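Shown here: data-v3.json, JSON, C-alpha atoms.
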```
[["chain", "number", "residue", "atom", "x", "y", "z"],
["A", 1, "MET", "CA", -163.54, 123.30, 80.32],
["A", 2, "SER", "CA", -163.33, 121.49, 76.99],
["A", 3, "GLU", "CA", -163.61, 117.74, 76.89],
["A", 4, "THR", "CA", -160.74, 115.56, 75.74],
["A", 5, "ARG", "CA", -160.61, 112.24, 73.97],
["A", 6, "GLY", "CA", -159.73, 110.58, 77.25],
["A", 7, "SER", "CA", -162.56, 112.18, 79.19],
["A", 8, "LEU", "CA", -165.03, 111.09, 76.52],
["A", 9, "VAL", "CA", -163.78, 107.51, 76.82],
["A", 10, "ALA", "CA", -164.10, 107.62, 80.61],
["A", 11, "GLU", "CA", -167.63, 109.03, 80.45],
["A", 12, "ALA", "CA", -168.70, 106.53, 77.80],
["A", 13, "ALA", "CA", -167.26, 103.61, 79.79],
["A", 14, "ALA", "CA", -169.19, 104.69, 82.89],
["A", 15, "VAL", "CA", -172.47, 105.01, 80.97],
["A", 16, "LEU", "CA", -172.01, 101.65, 79.21],
["A", 17, "SER", "CA", -171.10, 99.94, 82.47],
["A", 18, "LYS", "CA", -174.23, 101.29, 84.13],
["A", 19, "SER", "CA", -176.26, 99.97, 81.17],
["A", 20, "GLY", "CA", -174.83, 96.49, 81.63],
["A", 21, "ILE", "CA", -172.76, 96.48, 78.44],
["A", 22, "GLY", "CA", -169.94, 93.95, 78.57],
["A", 23, "GLU", "CA", -166.33, 95.16, 78.37],
["A", 24, "PRO", "CA", -167.46, 98.80, 78.76],
["A", 25, "ARG", "CA", -163.98, 100.32, 78.53],
["A", 26, "ARG", "CA", -163.16, 98.55, 75.26],
["A", 27, "GLN", "CA", -166.58, 99.35, 73.83],
["A", 28, "ALA", "CA", -166.15, 102.99, 74.87],
["A", 29, "ARG", "CA", -162.83, 103.19, 73.01],
["A", 30, "ARG", "CA", -164.45, 101.71, 69.91],
["A", 31, "LEU", "CA", -167.29, 104.21, 70.12],
["A", 32, "VAL", "CA", -165.11, 107.29, 70.60],
["A", 33, "ALA", "CA", -162.65, 106.27, 67.88],
["A", 34, "ALA", "CA", -165.51, 105.75, 65.44],
["A", 35, "ALA", "CA", -167.25, 108.99, 66.41],
["A", 36, "LEU", "CA", -164.05, 111.00, 65.98],
["A", 37, "ASP", "CA", -163.06, 109.07, 62.85],
["A", 38, "ILE", "CA", -159.63, 108.21, 64.20],
["A", 39, "SER", "CA", -157.77, 104.94, 64.67],
["A", 40, "PRO", "CA", -157.75, 103.15, 68.04],
["A", 41, "ALA", "CA", -153.98, 103.66, 68.12],
["A", 42, "ASP", "CA", -154.41, 107.42, 67.65],
["A", 43, "LEU", "CA", -156.99, 107.52, 70.41],
["A", 44, "PHE", "CA", -154.76, 105.55, 72.77],
["A", 45, "GLY", "CA", -151.66, 107.57, 71.98],
["A", 46, "ARG", "CA", -153.17, 111.06, 72.25],
["A", 47, "PRO", "CA", -155.89, 110.99, 74.92],
["A", 48, "ASP", "CA", -155.34, 114.59, 76.05],
["A", 49, "LEU", "CA", -156.34, 116.25, 72.78],
["A", 50, "ALA", "CA", -159.36, 118.52, 73.11],
["A", 51, "VAL", "CA", -162.47, 117.54, 71.14],
["A", 52, "PRO", "CA", -164.55, 120.21, 69.33],
["A", 53, "ARG", "CA", -168.02, 120.78, 70.75],
["A", 54, "GLN", "CA", -169.83, 119.43, 67.69],
["A", 55, "GLN", "CA", -167.92, 116.15, 67.86],
["A", 56, "VAL", "CA", -168.58, 115.91, 71.60],
["A", 57, "ASP", "CA", -172.31, 116.25, 70.95],
["A", 58, "GLU", "CA", -172.19, 113.68, 68.14],
["A", 59, "THR", "CA", -170.27, 111.24, 70.32],
["A", 60, "LYS", "CA", -172.74, 111.58, 73.19],
["A", 61, "ALA", "CA", -175.68, 111.09, 70.83],
["A", 62, "MET", "CA", -174.07, 107.84, 69.64],
["A", 63, "LEU", "CA", -173.40, 106.89, 73.25],
["A", 64, "ARG", "CA", -177.09, 107.21, 74.15],
["A", 65, "ARG", "CA", -177.97, 104.82, 71.34],
["A", 66, "MET", "CA", -175.26, 102.35, 72.32],
["A", 67, "ALA", "CA", -176.38, 102.47, 75.96],
["A", 68, "ASN", "CA", -179.80, 101.41, 74.68],
["A", 69, "ARG", "CA", -178.02, 98.34, 73.30],
["A", 70, "GLU", "CA", -178.01, 99.39, 69.68],
["A", 71, "PRO", "CA", -174.90, 97.79, 68.15],
["A", 72, "LEU", "CA", -172.17, 100.19, 67.09],
["A", 73, "SER", "CA", -172.27, 98.70, 63.60],
["A", 74, "ARG", "CA", -175.95, 99.70, 63.32],
["A", 75, "ILE", "CA", -175.21, 103.19, 64.59],
["A", 76, "LEU", "CA", -172.45, 103.60, 62.01],
["A", 77, "GLY", "CA", -174.35, 101.78, 59.28],
["A", 78, "ARG", "CA", -171.40, 99.58, 58.38],
["A", 79, "ARG", "CA", -169.61, 96.41, 59.44],
["A", 80, "GLU", "CA", -166.23, 94.89, 58.60],
["A", 81, "PHE", "CA", -166.26, 91.29, 57.39],
["A", 82, "TRP", "CA", -163.26, 89.35, 56.05],
["A", 83, "GLY", "CA", -161.30, 92.61, 55.97],
["A", 84, "LEU", "CA", -163.90, 94.34, 53.77],
["A", 85, "GLU", "CA", -166.36, 97.03, 54.85],
["A", 86, "PHE", "CA", -170.04, 96.46, 54.17],
["A", 87, "LYS", "CA", -172.92, 98.90, 54.27],
["A", 88, "LEU", "CA", -175.83, 97.72, 56.43],
["A", 89, "ALA", "CA", -179.56, 98.29, 56.01],
["A", 90, "PRO", "CA", -182.49, 97.60, 58.36],
["A", 91, "GLU", "CA", -183.40, 94.63, 56.14],
["A", 92, "THR", "CA", -179.96, 93.00, 56.32],
["A", 93, "LEU", "CA", -178.47, 90.82, 59.02],
["A", 94, "ASP", "CA", -175.47, 92.37, 60.72],
["A", 95, "PRO", "CA", -172.58, 90.06, 59.66],
["A", 96, "ARG", "CA", -171.03, 88.11, 62.52],
["A", 97, "PRO", "CA", -167.38, 87.04, 62.89],
["A", 98, "GLU", "CA", -168.39, 83.36, 63.11],
["A", 99, "THR", "CA", -169.78, 83.53, 59.56],
["A", 100, "GLU", "CA", -166.20, 83.90, 58.34],
["A", 101, "THR", "CA", -165.96, 80.15, 59.04],
["A", 102, "LEU", "CA", -167.83, 79.65, 55.75],
["A", 103, "ILE", "CA", -165.20, 81.58, 53.79],
["A", 104, "ALA", "CA", -162.42, 79.52, 55.36],
["A", 105, "ALA", "CA", -164.28, 76.28, 54.52],
["A", 106, "VAL", "CA", -164.63, 77.25, 50.86],
["A", 107, "LEU", "CA", -160.96, 78.21, 50.67],
["A", 108, "GLU", "CA", -159.99, 74.82, 52.08],
["A", 109, "ARG", "CA", -162.34, 72.60, 50.10],
["A", 110, "GLY", "CA", -163.52, 74.67, 47.15],
["A", 111, "PRO", "CA", -162.34, 75.22, 43.59],
["A", 112, "ASP", "CA", -158.85, 76.19, 42.51],
["A", 113, "ARG", "CA", -158.64, 79.91, 43.25],
["A", 114, "GLN", "CA", -156.97, 80.59, 39.89],
["A", 115, "GLN", "CA", -159.75, 78.99, 37.83],
["A", 116, "PRO", "CA", -163.07, 80.48, 36.68],
["A", 117, "CYS", "CA", -165.93, 79.31, 38.88],
["A", 118, "ARG", "CA", -169.48, 80.17, 39.84],
["A", 119, "PHE", "CA", -170.89, 80.91, 43.29],
["A", 120, "LEU", "CA", -174.46, 81.05, 44.54],
["A", 121, "ASP", "CA", -175.25, 82.76, 47.85],
["A", 122, "LEU", "CA", -178.67, 81.99, 49.31],
["A", 123, "GLY", "CA", -180.01, 84.64, 51.70],
["A", 124, "THR", "CA", -177.28, 87.09, 50.72],
["A", 125, "GLY", "CA", -178.22, 90.03, 52.98],
["A", 126, "THR", "CA", -175.38, 92.53, 52.68],
["A", 127, "GLY", "CA", -173.67, 90.28, 50.14],
["A", 128, "CYS", "CA", -170.78, 89.79, 52.56],
["A", 129, "ILE", "CA", -170.27, 86.05, 51.99],
["A", 130, "LEU", "CA", -170.43, 86.22, 48.20],
["A", 131, "LEU", "CA", -168.28, 89.34, 47.96],
["A", 132, "ALA", "CA", -165.67, 87.97, 50.37],
["A", 133, "LEU", "CA", -165.44, 84.91, 48.14],
["A", 134, "LEU", "CA", -165.09, 87.03, 45.00],
["A", 135, "HIS", "CA", -162.31, 88.89, 46.79],
["A", 136, "GLU", "CA", -160.46, 85.57, 47.20],
["A", 137, "PHE", "CA", -161.38, 84.05, 43.81],
["A", 138, "SER", "CA", -160.32, 86.63, 41.24],
["A", 139, "ARG", "CA", -161.83, 84.81, 38.25],
["A", 140, "ALA", "CA", -165.12, 83.85, 39.87],
["A", 141, "GLN", "CA", -168.61, 85.20, 39.27],
["A", 142, "GLY", "CA", -171.59, 84.88, 41.54],
["A", 143, "ILE", "CA", -175.27, 85.38, 42.25],
["A", 144, "GLY", "CA", -176.72, 86.43, 45.59],
["A", 145, "ILE", "CA", -180.41, 85.87, 46.33],
["A", 146, "ASP", "CA", -182.53, 87.42, 49.06],
["A", 147, "ILE", "CA", -186.26, 87.61, 49.61],
["A", 148, "ALA", "CA", -186.02, 91.27, 50.74],
["A", 149, "GLU", "CA", -185.63, 93.74, 47.87],
["A", 150, "PRO", "CA", -183.91, 96.40, 50.06],
["A", 151, "ALA", "CA", -181.31, 93.78, 51.02],
["A", 152, "VAL", "CA", -180.68, 93.00, 47.35],
["A", 153, "LYS", "CA", -180.18, 96.69, 46.62],
["A", 154, "THR", "CA", -177.79, 97.01, 49.57],
["A", 155, "ALA", "CA", -175.77, 94.01, 48.40],
["A", 156, "ALA", "CA", -175.53, 95.45, 44.89],
["A", 157, "GLN", "CA", -174.31, 98.76, 46.32],
["A", 158, "ASN", "CA", -171.67, 96.93, 48.36],
["A", 159, "ALA", "CA", -170.54, 95.03, 45.27],
["A", 160, "SER", "CA", -170.19, 98.24, 43.27],
["A", 161, "ARG", "CA", -168.33, 100.08, 46.02],
["A", 162, "LEU", "CA", -165.92, 97.18, 46.58],
["A", 163, "GLY", "CA", -165.18, 96.81, 42.88],
["A", 164, "PHE", "CA", -167.04, 93.56, 42.21],
["A", 165, "GLY", "CA", -169.93, 95.05, 40.25],
["A", 166, "ASP", "CA", -169.00, 93.27, 37.03],
["A", 167, "ARG", "CA", -168.80, 89.85, 38.71],
["A", 168, "ALA", "CA", -171.71, 89.92, 41.18],
["A", 169, "HIS", "CA", -175.44, 89.91, 40.44],
["A", 170, "PHE", "CA", -178.24, 89.95, 42.98],
["A", 171, "LEU", "CA", -181.81, 88.67, 42.67],
["A", 172, "VAL", "CA", -184.98, 88.98, 44.67],
["A", 173, "GLY", "CA", -186.24, 85.46, 45.22],
["A", 174, "ASN", "CA", -187.22, 82.70, 47.64],
["A", 175, "TRP", "CA", -184.01, 80.72, 48.15],
["A", 176, "ALA", "CA", -183.00, 78.98, 44.91],
["A", 177, "ALA", "CA", -186.37, 79.22, 43.17],
["A", 178, "ALA", "CA", -185.20, 82.30, 41.24],
["A", 179, "VAL", "CA", -182.22, 80.74, 39.48],
["A", 180, "GLY", "CA", -181.14, 77.78, 37.35],
["A", 181, "GLY", "CA", -177.87, 76.45, 36.01],
["A", 182, "SER", "CA", -175.02, 74.88, 37.94],
["A", 183, "PHE", "CA", -172.62, 76.27, 40.52],
["A", 184, "ASP", "CA", -169.27, 75.16, 41.83],
["A", 185, "VAL", "CA", -170.02, 76.47, 45.33],
["A", 186, "ILE", "CA", -173.35, 77.22, 46.99],
["A", 187, "VAL", "CA", -173.25, 79.02, 50.34],
["A", 188, "ALA", "CA", -176.03, 79.91, 52.76],
["A", 189, "ASN", "CA", -176.54, 81.54, 56.12],
["A", 190, "PRO", "CA", -180.27, 80.99, 56.60],
["A", 191, "PRO", "CA", -182.38, 81.93, 59.62],
["A", 192, "TYR", "CA", -181.91, 79.23, 62.26],
["A", 193, "ILE", "CA", -183.42, 80.52, 65.49],
["A", 194, "ALA", "CA", -186.47, 78.54, 66.61],
["A", 195, "THR", "CA", -189.52, 80.80, 66.69],
["A", 196, "ALA", "CA", -190.09, 80.29, 70.41],
["A", 197, "GLU", "CA", -186.50, 81.37, 71.12],
["A", 198, "LEU", "CA", -186.79, 84.74, 69.38],
["A", 199, "LYS", "CA", -188.18, 86.42, 72.47],
["A", 200, "ARG", "CA", -185.12, 85.31, 74.43],
["A", 201, "LEU", "CA", -182.61, 86.90, 72.09],
["A", 202, "PRO", "CA", -180.54, 89.80, 73.43],
["A", 203, "ARG", "CA", -181.87, 93.25, 72.65],
["A", 204, "GLU", "CA", -178.91, 93.91, 70.32],
["A", 205, "VAL", "CA", -180.21, 91.17, 68.05],
["A", 206, "ALA", "CA", -183.97, 91.14, 68.64],
["A", 207, "PHE", "CA", -184.45, 94.89, 68.12],
["A", 208, "TYR", "CA", -181.97, 95.57, 65.33],
["A", 209, "ASP", "CA", -181.72, 92.49, 63.09],
["A", 210, "PRO", "CA", -184.63, 91.80, 60.71],
["A", 211, "PRO", "CA", -186.94, 89.07, 62.09],
["A", 212, "GLN", "CA", -187.11, 87.24, 58.76],
["A", 213, "ALA", "CA", -183.32, 86.80, 58.88],
["A", 214, "LEU", "CA", -183.60, 85.17, 62.31],
["A", 215, "ASP", "CA", -186.79, 83.09, 62.43],
["A", 216, "GLY", "CA", -186.06, 79.51, 61.41],
["A", 217, "GLY", "CA", -189.52, 78.15, 62.15],
["A", 218, "GLU", "CA", -190.71, 75.87, 64.91],
["A", 219, "ASP", "CA", -187.44, 73.93, 65.27],
["A", 220, "GLY", "CA", -185.08, 76.39, 63.58],
["A", 221, "LEU", "CA", -184.53, 74.05, 60.62],
["A", 222, "GLU", "CA", -187.28, 75.13, 58.25],
["A", 223, "ALA", "CA", -184.98, 76.98, 55.82],
["A", 224, "TYR", "CA", -182.52, 74.07, 55.64],
["A", 225, "ARG", "CA", -185.30, 71.72, 54.52],
["A", 226, "ALA", "CA", -186.33, 74.11, 51.75],
["A", 227, "ILE", "CA", -182.76, 74.74, 50.60],
["A", 228, "ALA", "CA", -181.74, 71.08, 50.70],
["A", 229, "LYS", "CA", -184.40, 70.22, 48.11],
["A", 230, "GLU", "CA", -182.91, 72.68, 45.61],
["A", 231, "VAL", "CA", -179.16, 72.36, 46.15],
["A", 232, "PRO", "CA", -178.62, 68.94, 44.48],
["A", 233, "LYS", "CA", -180.14, 70.26, 41.24],
["A", 234, "LEU", "CA", -177.82, 73.29, 41.20],
["A", 235, "LEU", "CA", -174.45, 71.89, 42.25],
["A", 236, "ALA", "CA", -171.93, 71.21, 39.51],
["A", 237, "PRO", "CA", -170.06, 67.88, 39.52],
["A", 238, "ASP", "CA", -167.68, 67.99, 42.50],
["A", 239, "GLY", "CA", -169.45, 71.15, 43.70],
["A", 240, "ILE", "CA", -169.81, 71.86, 47.40],
["A", 241, "PHE", "CA", -172.54, 73.31, 49.58],
["A", 242, "VAL", "CA", -171.44, 75.24, 52.65],
["A", 243, "THR", "CA", -173.91, 76.50, 55.24],
["A", 244, "GLU", "CA", -173.80, 78.14, 58.63],
["A", 245, "VAL", "CA", -175.72, 76.45, 61.45],
["A", 246, "GLY", "CA", -176.79, 77.43, 64.93],
["A", 247, "VAL", "CA", -175.49, 76.01, 68.18],
["A", 248, "GLY", "CA", -176.33, 72.30, 68.42],
["A", 249, "GLN", "CA", -177.77, 72.09, 64.90],
["A", 250, "ALA", "CA", -174.85, 70.64, 62.91],
["A", 251, "ASP", "CA", -175.88, 66.98, 63.09],
["A", 252, "ALA", "CA", -179.53, 67.72, 62.32],
["A", 253, "VAL", "CA", -178.62, 69.85, 59.30],
["A", 254, "ALA", "CA", -176.16, 67.23, 58.08],
["A", 255, "GLY", "CA", -178.96, 64.67, 58.25],
["A", 256, "ILE", "CA", -181.31, 66.90, 56.24],
["A", 257, "LEU", "CA", -178.69, 67.32, 53.52],
["A", 258, "GLN", "CA", -177.93, 63.61, 53.39],
["A", 259, "ARG", "CA", -181.60, 62.70, 53.10],
["A", 260, "ASN", "CA", -181.75, 64.96, 50.05],
["A", 261, "GLY", "CA", -178.91, 63.17, 48.29],
["A", 262, "LEU", "CA", -175.88, 65.19, 49.37],
["A", 263, "ILE", "CA", -172.73, 63.66, 50.83],
["A", 264, "LEU", "CA", -171.33, 65.06, 54.06],
["A", 265, "CYS", "CA", -167.77, 66.36, 53.71],
["A", 266, "GLY", "CA", -167.28, 67.78, 57.16],
["A", 267, "ILE", "CA", -168.38, 70.02, 60.00],
["A", 268, "ASP", "CA", -166.11, 72.96, 60.86],
["A", 269, "ARG", "CA", -165.92, 74.79, 64.16],
["A", 270, "ASP", "CA", -165.72, 78.54, 64.62],
["A", 271, "LEU", "CA", -163.05, 80.27, 66.70],
["A", 272, "ALA", "CA", -165.12, 79.62, 69.83],
["A", 273, "GLY", "CA", -165.00, 75.89, 69.15],
["A", 274, "ILE", "CA", -168.69, 75.67, 68.22],
["A", 275, "PRO", "CA", -169.66, 73.47, 65.23],
["A", 276, "ARG", "CA", -170.70, 76.29, 62.94],
["A", 277, "CYS", "CA", -170.38, 75.18, 59.34],
["A", 278, "VAL", "CA", -171.66, 72.08, 57.53],
["A", 279, "ILE", "CA", -170.04, 71.15, 54.21],
["A", 280, "ALA", "CA", -171.64, 68.73, 51.75],
["A", 281, "SER", "CA", -170.96, 67.64, 48.19],
["A", 282, "SER", "CA", -172.83, 66.37, 45.18],
["A", 283, "THR", "CA", -170.35, 63.53, 44.68],
["A", 284, "PRO", "CA", -168.32, 61.24, 46.96],
["A", 285, "ASN", "CA", -165.06, 62.72, 45.67],
["A", 286, "ALA", "CA", -165.14, 65.91, 47.74],
["A", 287, "GLU", "CA", -163.13, 64.75, 50.75],
["A", 288, "PRO", "CA", -162.25, 67.32, 53.41],
["A", 289, "GLY", "CA", -159.37, 69.50, 52.32],
["A", 290, "GLU", "CA", -159.43, 68.28, 48.71],
["A", 291, "LYS", "CA", -158.99, 71.00, 46.10],
["A", 292, "LYS", "CA", -161.25, 70.93, 43.06],
["A", 293, "VAL", "CA", -160.85, 72.81, 39.79],
["A", 294, "GLY", "CA", -163.66, 75.21, 39.07],
["A", 295, "ILE", "CA", -165.87, 74.86, 36.02],
["A", 296, "ARG", "CA", -165.67, 77.60, 33.44],
["A", 297, "SER", "CA", -168.49, 80.10, 33.75],
["A", 298, "GLY", "CA", -171.30, 79.89, 31.24],
["A", 299, "PRO", "CA", -173.33, 82.75, 29.75],
["A", 300, "ASP", "CA", -174.65, 85.66, 31.73],
["A", 301, "TYR", "CA", -176.75, 83.87, 34.31],
["A", 302, "ALA", "CA", -178.22, 87.04, 35.79],
["A", 303, "ALA", "CA", -179.84, 87.62, 32.41],
["A", 304, "SER", "CA", -181.05, 84.02, 32.44],
["A", 305, "ALA", "CA", -182.59, 84.57, 35.85],
["A", 306, "ARG", "CA", -184.44, 87.62, 34.55],
["A", 307, "GLY", "CA", -185.91, 85.34, 31.90],
["A", 308, "LEU", "CA", -187.30, 83.20, 34.72],
["A", 309, "GLY", "CA", -189.17, 86.21, 36.03],
["A", 310, "ALA", "CA", -186.81, 86.99, 38.90],
["A", 311, "ARG", "CA", -186.06, 90.58, 39.81],
["A", 312, "ALA", "CA", -182.35, 91.26, 39.42],
["A", 313, "GLU", "CA", -179.92, 93.86, 40.68],
["A", 314, "SER", "CA", -176.46, 94.19, 39.22],
["A", 315, "GLY", "CA", -173.57, 95.44, 41.26],
["A", 316, "GLU", "CA", -172.69, 97.75, 38.38],
["A", 317, "THR", "CA", -173.60, 101.42, 38.51]]
```
Can you present the structure in this file as C-alpha cells?
Amino acid sequence: MSETRGSLVAEAAAVLSKSGIGEPRRQARRLVAAALDISPADLFGRPDLAVPRQQVDETKAMLRRMANREPLSRILGRREFWGLEFKLAPETLDPRPETETLIAAVLERGPDRQQPCRFLDLGTGTGCILLALLHEFSRAQGIGIDIAEPAVKTAAQNASRLGFGDRAHFLVGNWAAAVGGSFDVIVANPPYIATAELKRLPREVAFYDPPQALDGGEDGLEAYRAIAKEVPKLLAPDGIFVTEVGVGQADAVAGILQRNGLILCGIDRDLAGIPRCVIASSTPNAEPGEKKVGIRSGPDYAASARGLGARAESGET
C-alpha cells in the first residue's frame, strides 16, 4: 500500500515525539512539506494524495536526521530571514528570528531609507543582516566582514542570488580591522555564549552551529570589548551601532560601549520580551526613534579594503 502525505506526517510526528522534539506534529508538517516541495496549505488541504516511492525514501532520510536533532534548516541548507531566503554553510550561524530585532531597530533609528548610506556588518555569516538592510534601503551599499573565508563566500553567493551583488562586498577579517572609512550604520551579531556554557547548549546548536560563532570567551563579552574599540573610529556623524546581545547581557554590553565613548540610544526587546538589541550612537543627537539622513557613499570601499591587505569577495558573479 502506497504512503500518503498524511501518513508521512503521522509517522514523522510519532518519530519526532519519541525523540523528544517539541511540537512534533507541527515539525512533522514542516518536514514533509519541505521534502515534497509543497506549501503547508497544499499539504493540509490534500493529505490523501499518494507519495512516490523516491520521495517517501527522501522524506524518511530527512526524518532520521531531524530525529537526531539536526535542524530542518541545516538539512535543507537554507533559512528564511526577514522574508528572504539564505543559503547556509557549516561555517555560518543559522539565522534566528530574534536577530530580526536588529533590522527593526535600524529601520526605526537609522538613516532616511531614500538616501544613500553605508552599512558595515561585523561577523556577517550568511550576510543575512546586511542583505536584509540593503533590501530595505534601496540606495545603500555595505560591507560584511567575517573571520571565516567559507562564510564570506556564502554571503557573497547570497548577495548575488538575491540581486544585491552590486551593492554588497564581503571581506575576510577580524572584526573591523580589515576596513576603514566611515559608516552610517554598523551592525553586529557576535558570539556571546560564555565558554563554560557551550557544553550546555542544546544539540541543535552545539552540533550544527560553528563554535567560533558561539564562543564569546570566559564571560561571553569578549567580542563586544574588541568591537567597541573600533566602532567609534568608523561611525559617521550621527551614525548608529546596533548589536545583538544574549540573555541578561544588555546592561553589560551597554556599559562596554559607553566606556569606549559611545552614547546609549536604547535597548530593544525581541518578540519574546527579552532585551536583545543594544543601540548606541557616536553623538548625543541620536535619540530613540529619531530619523537621520544618510551620508552619501564615497568611493569603492571594497577596493580600499583590498589595499589594506584584506581578502575581499564581491557579491557579483
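For the pair atom CA of Val179 of chain A and atom CA of Gln212 of chain A, the separation is 20.9 Å.
Atom CA of Glu98 of chain A sits 8.4 Å away from atom CA of Ala272 of chain A.
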Using only C-alpha atoms, tabulate the residues of segment 214-297 of chain A lying at most 12 Å from any atom of segment 74-96 of chain A, each with its closest atom pair and that distance in Å to one decimal, by chain and increasing residue number, as a Markdown table.
```
| residue | atom | partner | partner_atom | distance |
| --- | --- | --- | --- | --- |
| A:Leu214 | CA | A:Leu93 | CA | 8.3 |
| A:Asp215 | CA | A:Leu93 | CA | 11.9 |
| A:Glu244 | CA | A:Arg96 | CA | 11.1 |
| A:Asp270 | CA | A:Arg96 | CA | 11.1 |
| A:Leu271 | CA | A:Arg96 | CA | 11.9 |
| A:Arg276 | CA | A:Arg96 | CA | 11.8 |
```
(request) Just the residues within 8 Å of Arg113 of chain A, please, counting all atoms listed in the file, with nothing from its chain fewer than 4 positions along; format it as a list in words. (result) Leu107, Glu136, Phe137, Ser138 and Arg139 of chain A
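Distances here use all atoms listed in the file; by that measure, the residue among A:Leu8, A:Ala151, A:Cys265, A:Ala228 closest to Thr126 of chain A is A:Ala151.
Once Ser282 of chain A and its same-chain neighbours fewer than 2 positions away are set aside, A:Pro232, A:Leu235, A:Pro237, A:Asp238, A:Gly239, A:Ile240, A:Leu262, A:Ile263 remain within 7 Å of it when counting all atoms listed in the file.
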(request) Identify which of the residues A:Val32, A:Ile267, A:Ile256, A:Ala41 lies closest to Glu58 of chain A, counting all atoms listed in the file when measuring atom-to-atom distances. (result) A:Val32
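Residue nearest Gly20 of chain A, chosen from A:Arg5, A:Arg69, A:Arg161, A:Lys153 and counting all atoms listed in the file: A:Arg69.
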(message) Please list as a list in words every residue within 12 Å of Gly248 of chain A, counting all atoms listed in the file and excluding residues in the same chain fewer than 4 positions away.
(response) Tyr192, Ile193, Asp219, Gly220, Leu221, Glu244, Ala252, Val253, Ala254, Ile267, Arg269, Gly273, Ile274, Pro275, Arg276, Cys277 and Val278 of chain A
(message) Report, in Å with one decimal, the straight-line distance from atom CA of Gln54 of chain A to atom CA of Asp37 of chain A.
(response) 13.3 Å
(message) With distances taken over only C-alpha atoms, which residue among A:Arg109, A:Arg167, A:Arg64, A:Lys233 lies nearest Leu134 of chain A?
(response) A:Arg167
Could you give me the axis-aligned bounding box of segment 17-26 of chain A, with 4 Å of padding per side, as centre plus edge lengths in Å to one decimal, as AutoDock Vina command-line options?
```
--center_x -169.7 --center_y 97.6 --center_z 79.7 --size_x 21.1 --size_y 15.3 --size_z 16.9
```
(message) Which residues are near Pro52 of chain A? Cut-off 12 Å, all atoms listed in the file, ignore same chain within fewer than 2 positions. Put them as a PyMOL selection string.
(response) chain A and resi 1-5+8+35-36+49-50+54-59
